[in-house]
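Before any comments, here is the structure.
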Amino acid sequence: MFQKELNAIDLFAGVGGLSLGFEMAGIKVILANEYDKNIAMSYKKNFGEKKLIIEDITKLDIETIFQTIRNKIDIVIGGPPCQGFSQKGQRKSINDPRNFLFRYYFDVVSFIRPKYFVMENVPNLLTTEKGFFKQELESMFSQLGYSLFSEILNAADYGVPQNRRRAFIIGKLGNKAISFSKNKIKKVTAWEAISDLAFLDSGEGEFEQEYRFDCKTDYQKILRMNSNKLYNHVATNHSKIAIKRMSMVPEGGGRNNLPKSELTKSIYSGTWGRIIKDDVSVTITTRFDTPSSGRFTHPILNRAITVREAARLQSFPDTFIFYGTKTSQLKQVGNAVPPLLAKEIGKIIINDNNEV
């Protein structure tokens with residue numbers, strides 16, 4: 001039986017973790033929006049001639065932008081920032097001024113009325129104020145005719161070598177919410193993800209280089225598929241004192257292994273900790289190049305993980321290249337939705353759409 005290809009638009013696209021995952025599942029992303037020009041450059045270089053709107057989302061005229069493709073869109077995806085959701089004890093509303101970017105997402109869904117929408121956000125979106133925001137979301141979207149499924153998902157349950165919990169809300173037009181079942185996927189450890197990458201010391205590495213080692217795991221084979229060169233594998237040039245502290249931390253260790261004279265004040269849990277080889281990584285943030293900001297020290301080397309190693313832990317294939325300044329690359333990787341997790345969500349939507 002012929003199956004119609006589903007089309008999507010990606011709002012707040014970032015570098016394209018959601019876009020990539022949905023395309024891996026077989027969904028075509030025909031339009032995306034990202035306001036950060038440096039991040040948008042990486043998106044454009046990786047996704048080719050796909051139409052990308054590089055503009056502050058608040059300055060776009062929804063009807064003008066989406067009128068011509070309105071009837072071609074089956075899915076709206078994206079992760080609108082909603083700072084007000086994290087303010088415990090203040091009962092902030094969807095209508096809080098700091099959540100105006102979410103309103104844009106809602107307005108796009110309201111105008112296009114796709115069959116599905118997927119929204120990704122912080123776990124607090126569903127749990128803060130005893131589910132107040134979740135109830136408000138359900139009320140708003142139900143008025144548009146959508147039934148919602150919402151859950152906090154951990155990327156580690158979907159073949160991503162990282163403990164990353166995020167809230168996902170999937171809306172489906174009609175009175176029947178989407179059926180969501182978790183497929184059991186074998187967990188991948190951090191070492192299974194990065195052990196084939198060159199063992200660089202502090203300050204070593206080039207933007208483009210040759211692979212030095214062959215694939216060692218199935219995960220590495222998948223992520224290295226069609227890749228002839230290794231990109232973004234450049235080690236941070238750490239200070240002598242930082243290298244000294246890292247050298248004092250054994251495999252699997254952390255700040256508890258440092259003498260009191262070497263301890264630094266830090267608000268981050270896991271500071272000066274090494275990534276544990278035989279477990280999934282901690283959540284990759286935008287500060288993974290800094291050992292004092294979390295458990296981001298290489299499992300055995302005295303340096304923080306590189307952009308490519310972080311990308312592996314986020315499940316980006318090696319063919320996906322990150323451009324721009326180092327700070328921008330850190331944001332691109334750290335803020336992304338893991339593509340393999342996005343792929344599984346895309347497959348769930350495809351299967352639901354194919355049901356009679």
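Quick note on naming: the chains in the structure tokens go A, B, ... in the order shown, residues restart at 1 in each chain, and ligands are numbered from 1 in order of appearance.
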
Original post:
Can you tell me, as a ChimeraX atom specification, what residues are no more than 7 Å from region 191-208 of chain A when counting only C-alpha atoms, ignoring any on the same chain fewer than 5 positions away?
Top reply: /A:161,213-217,219-220,229-238,277-278,302-303,309,312-313

Next, dump the selected residues to file, keeping only N, CA and C atoms, as a PDB file, in the first residue's frame.
ATOM      1  N   PRO A 161      24.040   7.177  24.264  1.00  0.00           N
ATOM      2  CA  PRO A 161      24.923   6.924  25.409  1.00  0.00           C
ATOM      3  C   PRO A 161      25.003   8.092  26.383  1.00  0.00           C
ATOM      4  N   PHE A 213      42.021   5.071  14.297  1.00  0.00           N
ATOM      5  CA  PHE A 213      41.647   3.734  14.741  1.00  0.00           C
ATOM      6  C   PHE A 213      40.418   3.236  13.981  1.00  0.00           C
ATOM      7  N   ASP A 214      40.301   1.927  13.865  1.00  0.00           N
ATOM      8  CA  ASP A 214      39.123   1.325  13.242  1.00  0.00           C
ATOM      9  C   ASP A 214      37.963   1.323  14.229  1.00  0.00           C
ATOM     10  N   CYS A 215      36.770   1.071  13.704  1.00  0.00           N
ATOM     11  CA  CYS A 215      35.585   0.968  14.560  1.00  0.00           C
ATOM     12  C   CYS A 215      35.755  -0.201  15.525  1.00  0.00           C
ATOM     13  N   LYS A 216      35.249  -0.026  16.730  1.00  0.00           N
ATOM     14  CA  LYS A 216      35.357  -1.073  17.742  1.00  0.00           C
ATOM     15  C   LYS A 216      33.999  -1.597  18.201  1.00  0.00           C
ATOM     16  N   THR A 217      32.943  -0.848  17.918  1.00  0.00           N
ATOM     17  CA  THR A 217      31.606  -1.252  18.371  1.00  0.00           C
ATOM     18  C   THR A 217      30.590  -1.011  17.259  1.00  0.00           C
ATOM     19  N   TYR A 219      27.880   0.673  17.556  1.00  0.00           N
ATOM     20  CA  TYR A 219      27.488   2.079  17.624  1.00  0.00           C
ATOM     21  C   TYR A 219      28.450   2.943  16.813  1.00  0.00           C
ATOM     22  N   GLN A 220      29.737   2.686  16.953  1.00  0.00           N
ATOM     23  CA  GLN A 220      30.733   3.447  16.203  1.00  0.00           C
ATOM     24  C   GLN A 220      30.585   3.216  14.707  1.00  0.00           C
ATOM     25  N   LYS A 229      36.435  11.368   6.830  1.00  0.00           N
ATOM     26  CA  LYS A 229      37.297  12.246   7.616  1.00  0.00           C
ATOM     27  C   LYS A 229      36.673  12.459   8.991  1.00  0.00           C
ATOM     28  N   LEU A 230      37.535  12.794   9.951  1.00  0.00           N
ATOM     29  CA  LEU A 230      37.067  13.075  11.306  1.00  0.00           C
ATOM     30  C   LEU A 230      37.087  14.589  11.533  1.00  0.00           C
ATOM     31  N   TYR A 231      35.951  15.157  11.913  1.00  0.00           N
ATOM     32  CA  TYR A 231      35.831  16.599  12.114  1.00  0.00           C
ATOM     33  C   TYR A 231      35.517  16.924  13.579  1.00  0.00           C
ATOM     34  N   ASN A 232      35.864  18.141  13.965  1.00  0.00           N
ATOM     35  CA  ASN A 232      35.489  18.684  15.275  1.00  0.00           C
ATOM     36  C   ASN A 232      36.160  17.972  16.447  1.00  0.00           C
ATOM     37  N   HIS A 233      37.241  17.248  16.189  1.00  0.00           N
ATOM     38  CA  HIS A 233      37.923  16.537  17.270  1.00  0.00           C
ATOM     39  C   HIS A 233      39.168  17.325  17.674  1.00  0.00           C
ATOM     40  N   VAL A 234      38.929  18.392  18.443  1.00  0.00           N
ATOM     41  CA  VAL A 234      39.997  19.292  18.885  1.00  0.00           C
ATOM     42  C   VAL A 234      39.914  19.436  20.400  1.00  0.00           C
ATOM     43  N   ALA A 235      40.989  19.122  21.092  1.00  0.00           N
ATOM     44  CA  ALA A 235      40.990  19.162  22.555  1.00  0.00           C
ATOM     45  C   ALA A 235      41.208  20.579  23.071  1.00  0.00           C
ATOM     46  N   THR A 236      40.501  20.924  24.127  1.00  0.00           N
ATOM     47  CA  THR A 236      40.682  22.215  24.782  1.00  0.00           C
ATOM     48  C   THR A 236      42.120  22.353  25.280  1.00  0.00           C
ATOM     49  N   ASN A 237      42.671  23.544  25.143  1.00  0.00           N
ATOM     50  CA  ASN A 237      44.023  23.818  25.633  1.00  0.00           C
ATOM     51  C   ASN A 237      43.913  24.252  27.100  1.00  0.00           C
ATOM     52  N   HIS A 238      44.006  23.289  27.994  1.00  0.00           N
ATOM     53  CA  HIS A 238      43.796  23.547  29.412  1.00  0.00           C
ATOM     54  C   HIS A 238      45.027  24.194  30.055  1.00  0.00           C
ATOM     55  N   LYS A 277      33.493   5.062  32.000  1.00  0.00           N
ATOM     56  CA  LYS A 277      33.621   4.299  30.759  1.00  0.00           C
ATOM     57  C   LYS A 277      32.453   3.353  30.515  1.00  0.00           C
ATOM     58  N   ASP A 278      32.086   2.591  31.537  1.00  0.00           N
ATOM     59  CA  ASP A 278      31.127   1.509  31.352  1.00  0.00           C
ATOM     60  C   ASP A 278      29.701   1.890  31.709  1.00  0.00           C
ATOM     61  N   ASN A 302      43.788  13.368  30.334  1.00  0.00           N
ATOM     62  CA  ASN A 302      43.702  14.568  31.172  1.00  0.00           C
ATOM     63  C   ASN A 302      43.266  15.780  30.355  1.00  0.00           C
ATOM     64  N   ARG A 303      42.034  15.725  29.925  1.00  0.00           N
ATOM     65  CA  ARG A 303      41.408  16.821  29.178  1.00  0.00           C
ATOM     66  C   ARG A 303      39.900  16.612  29.182  1.00  0.00           C
ATOM     67  N   GLU A 309      33.522  14.178  20.420  1.00  0.00           N
ATOM     68  CA  GLU A 309      33.173  13.190  21.442  1.00  0.00           C
ATOM     69  C   GLU A 309      31.821  13.502  22.061  1.00  0.00           C
ATOM     70  N   ARG A 312      29.190  12.491  19.638  1.00  0.00           N
ATOM     71  CA  ARG A 312      28.974  11.038  19.688  1.00  0.00           C
ATOM     72  C   ARG A 312      28.034  10.691  20.848  1.00  0.00           C
ATOM     73  N   LEU A 313      28.256  11.330  21.993  1.00  0.00           N
ATOM     74  CA  LEU A 313      27.417  11.065  23.161  1.00  0.00           C
ATOM     75  C   LEU A 313      25.998  11.597  22.978  1.00  0.00           C
TER      76      LEU A 313
END

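The interatomic distance for the pair CA of Ile9 (chain A) and CA of Gln67 (chain A) works out to 13.1 Å.
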
**OP:** as a ChimeraX atom specification, please: all residues of region 176-228 of chain A that backbone DSSP puts in alpha helix (DSSP H).
**Re:** /A:190-194,218-223

Selection above as a file: C-alpha atoms, as a compact mmCIF listing (two decimals), in the first residue's frame:
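As written to disk, selection29.txt reads:
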# COMPACT_ATOMS: atom_id res chain seq x y z
CA ALA A 190 30.25 6.20 26.80
CA TRP A 191 33.31 4.11 25.96
CA GLU A 192 31.40 2.20 23.28
CA ALA A 193 30.66 5.61 21.77
CA ILE A 194 34.07 7.33 21.77
CA ASP A 218 28.35 -1.41 16.43
CA TYR A 219 27.49 2.08 17.62
CA GLN A 220 30.73 3.45 16.20
CA LYS A 221 30.11 1.69 12.88
CA ILE A 222 26.70 3.32 12.61
CA LEU A 223 27.94 6.82 13.46

Original post:
Which residues come within 9 Å of Val160 (chain A), counting only C-alpha atoms, excluding same-chain residues fewer than 3 positions away, as a PyMOL selection string?
Top reply: chain A and resi 154-157+163-164+187-189+280+312-315+338-341

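Distances here use only C-alpha atoms; by that measure, the residue among A:Ile300, A:Val118, A:Gly334, A:Leu263 closest to Ile284 (chain A) is A:Gly334.
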
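Across A:Gln162, A:Thr319, A:Asn183, A:Ser142, the tightest approach to Glu344 (chain A) is made by A:Asn183 when counting only C-alpha atoms.
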
Output as a Markdown table one row per residue of region 75-170 of chain A within 8 Å of region 61-65 of chain A: the closest atom pair and its distance in Å to one decimal place, counting only C-alpha atoms, sorted by chain and residue number ascending.
| residue | atom | partner | partner_atom | distance |
| --- | --- | --- | --- | --- |
| A:Asp107 | CA | A:Ile62 | CA | 7.9 |
| A:Val108 | CA | A:Ile62 | CA | 6.6 |
| A:Phe111 | CA | A:Glu63 | CA | 7.5 |

Subject >> Neighbour list for Asn256 (chain A) as a ChimeraX atom specification, cut-off 10 Å, only C-alpha atoms, skip fewer than 4 positions in-chain >> reply: /A:249,260,263,270-273

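The residue that comes closest to Ala311 (chain A), out of A:Val15, A:Ile152, A:Ala342, A:Ile75 and on the basis of only C-alpha atoms, is A:Val15.
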